[in-house]
$ cat query_3.cif   # mmCIF, C-alpha atoms
data_entry
#
loop_
_atom_site.group_PDB
_atom_site.id
_atom_site.type_symbol
_atom_site.label_atom_id
_atom_site.label_comp_id
_atom_site.auth_asym_id
_atom_site.auth_seq_id
_atom_site.Cartn_x
_atom_site.Cartn_y
_atom_site.Cartn_z
ATOM 1 C CA MET A 1 17.198 -22.875 6.136
ATOM 2 C CA PRO A 2 13.741 -21.316 6.131
ATOM 3 C CA ASP A 3 11.466 -21.865 3.163
ATOM 4 C CA LEU A 4 11.324 -18.509 1.396
ATOM 5 C CA THR A 5 9.081 -19.646 -1.442
ATOM 6 C CA PRO A 6 5.921 -17.839 -0.239
ATOM 7 C CA ILE A 7 7.826 -14.642 0.482
ATOM 8 C CA VAL A 8 9.517 -14.671 -2.893
ATOM 9 C CA GLY A 9 6.117 -15.275 -4.475
ATOM 10 C CA VAL A 10 4.684 -12.209 -2.764
ATOM 11 C CA ALA A 11 7.741 -10.145 -3.704
ATOM 12 C CA ILE A 12 7.489 -11.113 -7.355
ATOM 13 C CA GLN A 13 3.838 -10.140 -7.494
ATOM 14 C CA LEU A 14 4.680 -6.751 -6.007
ATOM 15 C CA LEU A 15 7.488 -5.939 -8.422
ATOM 16 C CA PRO A 16 5.296 -4.136 -11.004
ATOM 17 C CA GLY A 17 4.009 -1.746 -8.343
ATOM 18 C CA ILE A 18 7.511 -1.141 -7.059
ATOM 19 C CA PHE A 19 8.786 -0.389 -10.554
ATOM 20 C CA ASP A 20 5.878 2.024 -11.067
ATOM 21 C CA LEU A 21 6.926 3.927 -7.964
ATOM 22 C CA ILE A 22 10.553 4.019 -9.091
ATOM 23 C CA ARG A 23 9.477 5.261 -12.522
ATOM 24 C CA SER A 24 7.328 7.975 -10.958
ATOM 25 C CA ARG A 25 10.382 9.107 -8.976
ATOM 26 C CA ALA A 26 12.506 9.097 -12.118
ATOM 27 C CA LYS A 27 9.967 11.326 -13.840
ATOM 28 C CA THR A 28 10.107 13.743 -10.910
ATOM 29 C CA VAL A 29 13.893 14.199 -11.081
ATOM 30 C CA ASP A 30 14.301 14.123 -14.876
ATOM 31 C CA PRO A 31 15.274 17.701 -15.872
ATOM 32 C CA ASN A 32 13.801 17.163 -19.325
ATOM 33 C CA ALA A 33 10.472 15.932 -18.070
ATOM 34 C CA PRO A 34 7.547 18.342 -18.446
ATOM 35 C CA VAL A 35 6.691 20.138 -15.216
ATOM 36 C CA PRO A 36 3.206 19.070 -14.145
ATOM 37 C CA ASP A 37 0.653 21.784 -13.596
ATOM 38 C CA ASP A 38 -2.262 21.769 -11.177
ATOM 39 C CA ALA A 39 -4.727 20.383 -13.684
ATOM 40 C CA ALA A 40 -2.439 17.487 -14.617
ATOM 41 C CA VAL A 41 -1.733 16.604 -10.993
ATOM 42 C CA ILE A 42 -5.400 16.742 -10.021
ATOM 43 C CA ALA A 43 -6.312 14.618 -13.050
ATOM 44 C CA ALA A 44 -3.615 12.115 -12.076
ATOM 45 C CA LEU A 45 -5.091 11.851 -8.586
ATOM 46 C CA ALA A 46 -8.579 11.293 -9.967
ATOM 47 C CA ALA A 47 -7.262 8.596 -12.311
ATOM 48 C CA ALA A 48 -5.322 6.886 -9.513
ATOM 49 C CA VAL A 49 -8.378 6.900 -7.252
ATOM 50 C CA ALA A 50 -10.683 5.572 -9.974
ATOM 51 C CA SER A 51 -8.267 2.805 -10.927
ATOM 52 C CA SER A 52 -7.657 1.853 -7.336
ATOM 53 C CA VAL A 53 -11.345 1.710 -6.427
ATOM 54 C CA ALA A 54 -12.062 -0.344 -9.541
ATOM 55 C CA GLN A 55 -9.444 -2.903 -8.468
ATOM 56 C CA ASP A 56 -10.980 -3.045 -4.987
ATOM 57 C CA ASP A 57 -14.450 -3.586 -6.434
ATOM 58 C CA GLN A 58 -13.141 -6.297 -8.737
ATOM 59 C CA TRP A 59 -11.489 -8.168 -5.870
ATOM 60 C CA LEU A 60 -14.504 -7.773 -3.576
ATOM 61 C CA ALA A 61 -16.837 -9.045 -6.307
ATOM 62 C CA ALA A 62 -14.614 -12.074 -6.877
ATOM 63 C CA HIS A 63 -14.422 -12.848 -3.151
ATOM 64 C CA PRO A 64 -17.926 -12.608 -1.680
ATOM 65 C CA THR A 65 -18.263 -12.847 2.090
ATOM 66 C CA ALA A 66 -19.843 -16.307 1.944
ATOM 67 C CA MET A 67 -16.614 -17.715 0.563
ATOM 68 C CA LEU A 68 -14.620 -16.710 3.619
ATOM 69 C CA GLU A 69 -13.465 -19.288 6.106
ATOM 70 C CA GLY A 70 -13.210 -18.242 9.697
ATOM 71 C CA GLY A 71 -13.584 -14.637 10.683
ATOM 72 C CA ALA A 72 -11.430 -11.569 10.800
ATOM 73 C CA ARG A 73 -11.245 -9.590 13.945
ATOM 74 C CA PRO A 74 -13.407 -6.509 13.506
ATOM 75 C CA LEU A 75 -11.572 -3.328 12.573
ATOM 76 C CA MET B 1 14.277 -26.040 16.927
ATOM 77 C CA ARG B 2 10.849 -24.970 15.752
ATOM 78 C CA LEU B 3 11.276 -21.636 17.514
ATOM 79 C CA THR B 4 14.662 -21.143 15.857
ATOM 80 C CA HIS B 5 13.169 -21.947 12.469
ATOM 81 C CA SER B 6 10.314 -19.507 13.052
ATOM 82 C CA LEU B 7 12.729 -16.778 14.097
ATOM 83 C CA ALA B 8 14.962 -17.363 11.081
ATOM 84 C CA HIS B 9 11.921 -17.313 8.812
ATOM 85 C CA ARG B 10 10.760 -14.025 10.293
ATOM 86 C CA CYS B 11 14.209 -12.465 10.002
ATOM 87 C CA ALA B 12 14.413 -13.562 6.368
ATOM 88 C CA LEU B 13 10.970 -12.098 5.708
ATOM 89 C CA VAL B 14 11.874 -8.747 7.252
ATOM 90 C CA GLY B 15 15.151 -8.703 5.307
ATOM 91 C CA VAL B 16 13.520 -9.369 1.959
ATOM 92 C CA LEU B 17 10.798 -6.799 2.509
ATOM 93 C CA THR B 18 13.236 -4.187 3.784
ATOM 94 C CA ALA B 19 15.381 -4.651 0.683
ATOM 95 C CA LEU B 20 12.308 -4.193 -1.477
ATOM 96 C CA LEU B 21 11.225 -1.078 0.390
ATOM 97 C CA ILE B 22 14.500 0.853 0.171
ATOM 98 C CA PRO B 23 13.837 2.067 -3.397
ATOM 99 C CA ILE B 24 10.199 2.708 -2.554
ATOM 100 C CA LEU B 25 11.020 4.837 0.458
ATOM 101 C CA SER B 26 13.600 6.817 -1.481
ATOM 102 C CA SER B 27 11.057 7.481 -4.218
ATOM 103 C CA ALA B 28 8.210 8.156 -1.837
ATOM 104 C CA CYS B 29 9.821 11.140 -0.144
ATOM 105 C CA ALA B 30 9.749 13.338 -3.251
ATOM 106 C CA LYS B 31 8.658 16.909 -2.802
ATOM 107 C CA ALA B 32 5.836 18.390 -4.855
ATOM 108 C CA PRO B 33 6.998 20.511 -7.815
ATOM 109 C CA PRO B 34 7.372 24.129 -6.655
ATOM 110 C CA ASN B 35 5.172 25.515 -9.426
ATOM 111 C CA LEU B 36 2.056 23.845 -7.987
ATOM 112 C CA SER B 37 -0.526 25.756 -6.012
ATOM 113 C CA PRO B 38 -1.421 24.449 -2.521
ATOM 114 C CA SER B 39 -4.299 22.425 -3.964
ATOM 115 C CA GLY B 40 -2.032 21.008 -6.674
ATOM 116 C CA ALA B 41 0.624 20.102 -4.113
ATOM 117 C CA ALA B 42 -2.035 18.416 -1.987
ATOM 118 C CA ALA B 43 -3.170 16.385 -4.995
ATOM 119 C CA PHE B 44 0.450 15.469 -5.782
ATOM 120 C CA GLN B 45 1.063 14.157 -2.264
ATOM 121 C CA ALA B 46 -2.351 12.502 -2.133
ATOM 122 C CA THR B 47 -1.522 10.554 -5.291
ATOM 123 C CA ARG B 48 1.642 9.240 -3.646
ATOM 124 C CA VAL B 49 -0.341 8.173 -0.588
ATOM 125 C CA VAL B 50 -2.859 6.384 -2.814
ATOM 126 C CA LYS B 51 -0.001 4.442 -4.434
ATOM 127 C CA ALA B 52 1.456 3.575 -1.026
ATOM 128 C CA ILE B 53 -1.798 2.234 0.375
ATOM 129 C CA ASP B 54 -2.293 0.418 -2.939
ATOM 130 C CA LEU B 55 0.855 -1.479 -1.973
ATOM 131 C CA VAL B 56 -0.661 -2.389 1.409
ATOM 132 C CA ARG B 57 -3.710 -3.800 -0.353
ATOM 133 C CA ASP B 58 -1.696 -5.521 -3.099
ATOM 134 C CA THR B 59 0.549 -7.135 -0.484
ATOM 135 C CA ALA B 60 -2.445 -8.444 1.429
ATOM 136 C CA ILE B 61 -4.027 -9.849 -1.742
ATOM 137 C CA ALA B 62 -0.770 -11.447 -2.881
ATOM 138 C CA ALA B 63 -0.165 -12.913 0.580
ATOM 139 C CA ASP B 64 -3.724 -14.257 0.660
ATOM 140 C CA ALA B 65 -3.124 -15.981 -2.676
ATOM 141 C CA GLN B 66 -0.178 -17.991 -1.338
ATOM 142 C CA THR B 67 -0.512 -21.630 -0.304
ATOM 143 C CA PRO B 68 -0.936 -21.628 2.616
ATOM 144 C CA PRO B 69 -2.188 -18.043 2.821
ATOM 145 C CA LEU B 70 0.127 -15.671 4.680
ATOM 146 C CA VAL B 71 -2.845 -13.384 5.329
ATOM 147 C CA SER B 72 -6.310 -14.816 5.944
ATOM 148 C CA PRO B 73 -9.091 -14.183 3.403
ATOM 149 C CA ALA B 74 -11.145 -12.421 6.076
ATOM 150 C CA THR B 75 -8.311 -10.060 6.940
ATOM 151 C CA THR B 76 -7.635 -9.450 3.254
ATOM 152 C CA ARG B 77 -11.259 -8.514 2.757
ATOM 153 C CA ALA B 78 -11.102 -6.137 5.725
ATOM 154 C CA ILE B 79 -7.985 -4.512 4.264
ATOM 155 C CA VAL B 80 -9.508 -4.171 0.779
ATOM 156 C CA THR B 81 -12.653 -2.672 2.279
ATOM 157 C CA TRP B 82 -10.611 -0.196 4.336
ATOM 158 C CA HIS B 83 -8.469 0.626 1.303
ATOM 159 C CA ARG B 84 -11.500 1.390 -0.814
ATOM 160 C CA ALA B 85 -12.918 3.723 1.827
ATOM 161 C CA ALA B 86 -9.539 5.414 2.326
ATOM 162 C CA VAL B 87 -8.923 5.991 -1.377
ATOM 163 C CA THR B 88 -12.435 7.308 -1.852
ATOM 164 C CA THR B 89 -11.923 9.717 1.045
ATOM 165 C CA ILE B 90 -8.617 10.919 -0.416
ATOM 166 C CA GLY B 91 -10.229 11.490 -3.794
ATOM 167 C CA ALA B 92 -13.132 13.392 -2.275
ATOM 168 C CA ALA B 93 -11.027 15.587 0.013
ATOM 169 C CA PRO B 94 -7.411 15.822 -1.198
ATOM 170 C CA SER B 95 -6.608 18.310 1.584
ATOM 171 C CA GLY B 96 -8.639 16.880 4.462
ATOM 172 C CA TRP B 97 -8.309 13.108 4.415
ATOM 173 C CA LYS B 98 -5.392 12.711 6.795
ATOM 174 C CA PRO B 99 -7.166 12.087 10.156
ATOM 175 C CA THR B 100 -9.663 9.634 8.652
ATOM 176 C CA VAL B 101 -7.086 7.612 6.736
ATOM 177 C CA THR B 102 -4.634 7.564 9.658
ATOM 178 C CA THR B 103 -7.319 6.306 12.038
ATOM 179 C CA GLY B 104 -8.332 3.595 9.586
ATOM 180 C CA LEU B 105 -4.726 2.541 9.117
ATOM 181 C CA ASP B 106 -4.273 2.209 12.878
ATOM 182 C CA GLN B 107 -7.430 0.097 13.087
ATOM 183 C CA VAL B 108 -6.203 -2.189 10.315
ATOM 184 C CA ASP B 109 -2.873 -2.589 12.095
ATOM 185 C CA ARG B 110 -4.522 -3.456 15.413
ATOM 186 C CA ALA B 111 -6.750 -6.080 13.780
ATOM 187 C CA LEU B 112 -3.851 -8.020 12.255
ATOM 188 C CA ALA B 113 -2.685 -11.338 13.616
ATOM 189 C CA GLU B 114 1.000 -11.527 14.487
ATOM 190 C CA GLY B 115 1.985 -13.404 11.346
ATOM 191 C CA GLU B 116 -0.043 -11.064 9.174
ATOM 192 C CA ARG B 117 1.608 -8.062 10.761
ATOM 193 C CA ALA B 118 5.029 -9.501 9.909
ATOM 194 C CA VAL B 119 4.024 -9.506 6.224
ATOM 195 C CA LEU B 120 2.322 -6.120 6.134
ATOM 196 C CA ALA B 121 4.308 -4.069 8.663
ATOM 197 C CA PRO B 122 6.834 -2.598 6.171
ATOM 198 C CA TYR B 123 4.028 -1.420 3.882
ATOM 199 C CA LEU B 124 2.026 0.011 6.770
ATOM 200 C CA ALA B 125 5.189 1.842 7.856
ATOM 201 C CA LEU B 126 5.642 3.202 4.333
ATOM 202 C CA ALA B 127 2.060 4.468 4.264
ATOM 203 C CA ARG B 128 2.491 6.063 7.692
ATOM 204 C CA ALA B 129 5.737 7.753 6.627
ATOM 205 C CA LEU B 130 4.082 9.225 3.535
ATOM 206 C CA ILE B 131 1.013 10.372 5.439
ATOM 207 C CA ALA B 132 3.201 12.011 8.091
ATOM 208 C CA GLU B 133 5.060 13.895 5.373
ATOM 209 C CA VAL B 134 1.860 15.426 4.011
ATOM 210 C CA GLN B 135 1.187 18.858 5.528
#

$ encode --input "query_3.cif" --output "structure tokens"
Amino acid sequence: MPDLTPIVGVAIQLLPGIFDLIRSRAKTVDPNAPVPDDAAVIAALAAAVASSVAQDDQWLAAHPTAMLEGGARPL
Amino acid sequence: MRLTHSLAHRCALVGVLTALLIPILSSACAKAPPNLSPSGAAAFQATRVVKAIDLVRDTAIAADAQTPPLVSPATTRAIVTWHRAAVTTIGAAPSGWKPTVTTGLDQVDRALAEGERAVLAPYLALARALIAEVQ
């Protein structure tokens, strides 16, 4: 029987993101939900981008290049 | 025996990730609300793509945090760096980011080691499916 502990660990850490996606779908199909207009959708994109970039910057700051072991193949 | 174990491990990994991705894929294929203008629809789809590639990055970071890491720190850094550039491009050009982000995604995929690809492949496929859906 393979050891699934690492995979389950990854899955658990991803659950919040998965639930967010499911919730966003639920909002789309809810007939009582307000219909988004252009301004709201564009603002949502800007917020998603800003949040996402901030998370990237936070991770990159916490993991400077000098801490890496070995090397990645260049993209 | 070791080969059998490795194969079983890989099959289990693909099974778990596929089960996780079924609700994501069903939610990811939503159409933009019909009242939106073309620019609004582009922003709507772009937001979904941002969330999908967020999952690619989050998976890499979570896999890197395992003991032992399922994705190397160097690869994780490359993915986070690509993700940041891709998201920034999407934010700057909600209607014109597709070629740049697709090319970057292909480069990330090619740079992965085999074991890393096994972890990230479902999420890369999700991102590709969403990008392909965007007009």

$ interface_residues --input "query_3.cif" --of "chain B" --to "chain A" --cutoff "6 Å" --atoms "only C-alpha atoms" --output "MDAnalysis selection string"
chainID B and resid 9 27 36 40 43:44 47 62:63 74:75 84 87 107:108 111

$ resolve_selection --input "query_3.cif" --expression "the PyMOL selection byres ((chain B and resi 113) around 10)" --output "JSON, numbers by chain"
{"A": [72, 73], "B": [71, 72, 75, 109, 110, 111, 112, 114, 115, 116, 117, 118]}

$ closest_residue --input "query_3.cif" --among "B:Ala60, B:Val119, B:Leu55, B:Ala46" --to "Thr88 (chain B)" --atoms "all atoms listed in the file"
B:Ala46

$ residues_around --input "query_3.cif" --residues "Gln45 (chain B)" --least-positions-apart "2" --cutoff "9 Å" --atoms "only C-alpha atoms" --output "list in words"
Ala30, Lys31, Ala32, Gly40, Ala41, Ala42, Ala43, Thr47, Arg48, Val49, Val50, Pro94, Leu130, Ile131, Glu133 and Val134 of chain B

$ atom_distance --input "query_3.cif" --atom1 "CA of Ser39 (chain B)" --atom2 "CA of Gly96 (chain B)"
11.0 Å

$ resolve_selection --input "query_3.cif" --expression "the PyMOL selection byres ((chain B and resi 101) around 9)" --output "list in words"
Trp82, His83, Ala85, Ala86, Val87, Thr89, Ile90, Trp97, Lys98, Pro99, Thr100, Thr102, Thr103, Gly104, Leu105, Asp106 and Ile131 of chain B

$ write_last_selection --input "query_3.cif" --atoms "C-alpha atoms" --output "PDB file, keeping the file's coordinate frame"
ATOM      1  CA  TRP B  82     -10.611  -0.196   4.336  1.00  0.00           C
ATOM      2  CA  HIS B  83      -8.469   0.626   1.303  1.00  0.00           C
ATOM      3  CA  ALA B  85     -12.918   3.723   1.827  1.00  0.00           C
ATOM      4  CA  ALA B  86      -9.539   5.414   2.326  1.00  0.00           C
ATOM      5  CA  VAL B  87      -8.923   5.991  -1.377  1.00  0.00           C
ATOM      6  CA  THR B  89     -11.923   9.717   1.045  1.00  0.00           C
ATOM      7  CA  ILE B  90      -8.617  10.919  -0.416  1.00  0.00           C
ATOM      8  CA  TRP B  97      -8.309  13.108   4.415  1.00  0.00           C
ATOM      9  CA  LYS B  98      -5.392  12.711   6.795  1.00  0.00           C
ATOM     10  CA  PRO B  99      -7.166  12.087  10.156  1.00  0.00           C
ATOM     11  CA  THR B 100      -9.663   9.634   8.652  1.00  0.00           C
ATOM     12  CA  THR B 102      -4.634   7.564   9.658  1.00  0.00           C
ATOM     13  CA  THR B 103      -7.319   6.306  12.038  1.00  0.00           C
ATOM     14  CA  GLY B 104      -8.332   3.595   9.586  1.00  0.00           C
ATOM     15  CA  LEU B 105      -4.726   2.541   9.117  1.00  0.00           C
ATOM     16  CA  ASP B 106      -4.273   2.209  12.878  1.00  0.00           C
ATOM     17  CA  ILE B 131       1.013  10.372   5.439  1.00  0.00           C
TER      18      ILE B 131
END

$ atom_distance --input "query_3.cif" --atom1 "CA of Val56 (chain B)" --atom2 "CA of Leu124 (chain B)"
6.5 Å

$ atom_distance --input "query_3.cif" --atom1 "CA of Ala129 (chain B)" --atom2 "CA of Ile53 (chain B)"
11.2 Å

$ closest_residue --input "query_3.cif" --among "B:Val80, B:Ala92, B:Thr59, B:Asn35" --to "Gln58 (chain A)" --atoms "all atoms listed in the file"
B:Val80
